[in-house]
Amino acid sequence: MNKQENPYQMALRQFDEAVKYLKLKRGIIEYLRYPKRELTVNFPVEMDDGSVKIFTGYRVHHNTVLGPTKGGIRYHPGVTLDEVRALAMWMTWKCAVVGLPYGGSKGGVVCDPKKMSGIELENLTRRYTTEISMMIGPESDIPAPDVGTDAQIMAWIMDTYSMHKGYSVPAVVTGKPISIGGSLGRAEATGRGVTIITREACRHLGMPLEGATVVVQGYGKVGAVAAYLLHEQGCKIIAASDSRGCIYGPDGFDARHAKRFKKETGSVVGYPGTETVSQDEFWGLPCDILIPAAMEGQITAENAPKIKAKLIVEGANGPTTPDADEILRERGIPVAPDILANAGGVTVSYFEWVQALQAFFWSEEEIDQRLERIMTKSFAEVWALAQEKEISMRTAALVRAIDRVAEAIYVRGIYP
Ligand code: GLU
């Protein structure tokens, strides 16, 4: 992660740019710049060697006006409170831009899950869940996976919360395994959403998807899925990267096979038929579509001038800094922004929550169709606003989202 750029400052700069296009009271603007509530917890975990280690975790609720808060939990050594604040704020806008009845939240624990055993991860998860239990619940705040967490971790959260209650509460988390009330289609949902937005953006820009060359930064839960779904729609995946390095194969490679290779070897580096390239070369590769799907602050004022893509679709949250955004705009490279492009995950999380609450489950076909409808409609709305006001898709998406939240604040009124 680029530590120079504070993610919360980034989120605020984007917000300040968007509110210029709305007629909001000064106080309402100020209100939306801050998280509603934040919790920091320091807690002990017994490690495999018998030692006790203290971990720091956070849970932040940005806004609850439209409904319960929704947002993932991140396990990463670089987690900070400002990062969690930014991610919570982006969740508010993400849910609002696709019309979900949720506010935004996020959580994180400073840890390196890659270096922890299964038992240590389970202990950490159960204790963290207990520590933040006053913040979460099926009607108040519903966690989900994010960087470094997965369906198994959601299962432990659901179990811990349920044990405290004395009965099973499947709706307290989403992204959990199918066997305990998870939703079909959730695992692929974020990548599928990125694919839908890529297709719609290409259609509106008059760029053919067939044969389009694609570069994917971050070959994980989002990037790899987007890559193989785009590959199946006729795109040529020519480069990918992960925390260990970058690969390039100008003739294109089998994205699904590369995902299996990464699962087996731990990295895409060394995938047959590709060469290893430097970070610098990676960002400068000529391509039609660039999908940053790793962490925030990756496309910066430094590498933005080198980018040779015709379209950027953000699979990650906050991958482009505001300075880079300006450079890309000047260079005429459109960016389908995170809060729209990666909203497929939280959209299917919403379906999972609805299914858990009603204890009645939908088919994968139904899920995919509903996701398709929401993503396509949301893209069209953002695109139309961007054209009408001659603003970037990011600002247009934020304008729509902030407007929805502000409208709800006005209608509900300020308490008391
Ligand atoms: N962590 C994902 C995101 O950033 C999913 C959140 C959710 O499903 O609640 O959108």
# chains A, B, ... in the order shown; residues from 1 in each chain; ligands from 1
$ residues_around --residues "Val225 of chain A" --least-positions-apart "3" --cutoff "8 Å" --atoms "only C-alpha atoms" --output "list in words"
Glu188, Gly191, Arg192, Gly220, Lys221, Val222, Tyr228, Leu229 and Arg256 of chain A
$ write_last_selection --atoms "C-alpha atoms" --output "tab-separated table (two decimals), in the first residue's frame"
chain	number	residue	atom	x	y	z
A	188	GLU	CA	-17.89	-14.60	-7.37
A	191	GLY	CA	-15.65	-10.03	-9.71
A	192	ARG	CA	-18.90	-10.61	-11.61
A	220	GLY	CA	-7.30	-12.53	-5.65
A	221	LYS	CA	-10.99	-12.86	-4.80
A	222	VAL	CA	-11.93	-9.95	-7.06
A	228	TYR	CA	-11.67	-15.34	-15.99
A	229	LEU	CA	-15.21	-14.00	-16.52
A	256	ARG	CA	-8.98	-19.59	-14.86
$ residues_near_ligand --ligand "ligand 1" --cutoff "7 Å" --atoms "only C-alpha atoms and all ligand atoms" --output "list of chain:residue names"
A:Lys70, A:Gly71, A:Gly72, A:Ile73, A:Met91, A:Ile142, A:Pro143, A:Ala144, A:Pro145, A:Asp146, A:Thr174, A:Gly175, A:Asn317, A:Asn342, A:Ala343, A:Gly345, A:Val346, A:Thr347, A:Ser349
$ closest_residue --among "A:Met154, A:Val110, A:Val98, A:Ala401" --to "Thr125 of chain A" --atoms "only C-alpha atoms"
A:Met154
$ closest_atom_pairs --of "segment 84-183 of chain A" --to "segment 10-21 of chain A" --cutoff "10 Å" --atoms "only C-alpha atoms" --output "Markdown table"
| residue | atom | partner | partner_atom | distance |
| --- | --- | --- | --- | --- |
| A:Arg85 | CA | A:Ala11 | CA | 8.9 |
| A:Ala86 | CA | A:Ala11 | CA | 5.7 |
| A:Leu87 | CA | A:Ala11 | CA | 8.4 |
| A:Ala88 | CA | A:Ala11 | CA | 9.9 |
| A:Met89 | CA | A:Ala11 | CA | 7.4 |
| A:Trp90 | CA | A:Ala11 | CA | 7.3 |
| A:Trp93 | CA | A:Phe15 | CA | 9.7 |
$ write_last_selection --atoms "N, CA and C atoms" --output "short mmCIF file (atom, residue, chain, number, x, y, z; two decimals), in the first residue's frame"
data_model
loop_
_atom_site.label_atom_id
_atom_site.label_comp_id
_atom_site.auth_asym_id
_atom_site.auth_seq_id
_atom_site.Cartn_x
_atom_site.Cartn_y
_atom_site.Cartn_z
N ARG A 85 -11.86 4.12 8.52
CA ARG A 85 -12.80 5.25 8.37
C ARG A 85 -13.13 5.47 6.89
N ALA A 86 -12.08 5.47 6.07
CA ALA A 86 -12.29 5.70 4.63
C ALA A 86 -13.14 4.58 4.05
N LEU A 87 -12.78 3.35 4.38
CA LEU A 87 -13.50 2.20 3.82
C LEU A 87 -14.96 2.21 4.26
N ALA A 88 -15.23 2.65 5.51
CA ALA A 88 -16.61 2.73 6.01
C ALA A 88 -17.39 3.79 5.24
N MET A 89 -16.73 4.93 4.99
CA MET A 89 -17.38 6.01 4.24
C MET A 89 -17.70 5.55 2.81
N TRP A 90 -16.72 4.90 2.19
CA TRP A 90 -16.94 4.40 0.82
C TRP A 90 -18.09 3.38 0.79
N TRP A 93 -21.39 5.22 0.50
CA TRP A 93 -21.66 5.68 -0.88
C TRP A 93 -21.93 4.50 -1.80
#
$ closest_residue --among "A:Arg404, A:His231, A:Arg370, A:Arg126" --to "Val216 of chain A" --atoms "only C-alpha atoms"
A:His231
$ select_by_dssp --residues "segment 155-317 of chain A" --states "alpha helix (DSSP H)" --output "ChimeraX atom specification"
/A:155-165,186-205,223-232,255-265,279-283
$ residues_around --residues "Arg394 of chain A" --least-positions-apart "5" --cutoff "9 Å" --atoms "only C-alpha atoms" --output "ChimeraX atom specification"
/A:14,18,335-340,382,386,399
$ closest_residue --among "A:Pro7, A:Gly103, A:Gly245, A:Pro322" --to "Thr80 of chain A" --atoms "only C-alpha atoms"
A:Pro7
$ select_by_dssp --residues "segment 45-209 of chain A" --states "strand (DSSP E or B)" --output "count of residues only"
36
$ closest_residue --among "A:Ile414, A:Ile402, A:Ser117, A:Glu83" --to "Leu22 of chain A" --atoms "only C-alpha atoms"
A:Ile402
$ closest_residue --among "A:Val194, A:Val84, A:Leu311, A:Cys246" --to "Pro208 of chain A" --atoms "only C-alpha atoms"
A:Leu311
$ closest_residue --among "A:Arg244, A:Arg412, A:Arg59, A:Arg186" --to "Met134 of chain A" --atoms "only C-alpha atoms"
A:Arg59
$ atom_distance --atom1 "atom CA of Glu381 of chain A" --atom2 "atom CA of Met393 of chain A"
10.1 Å
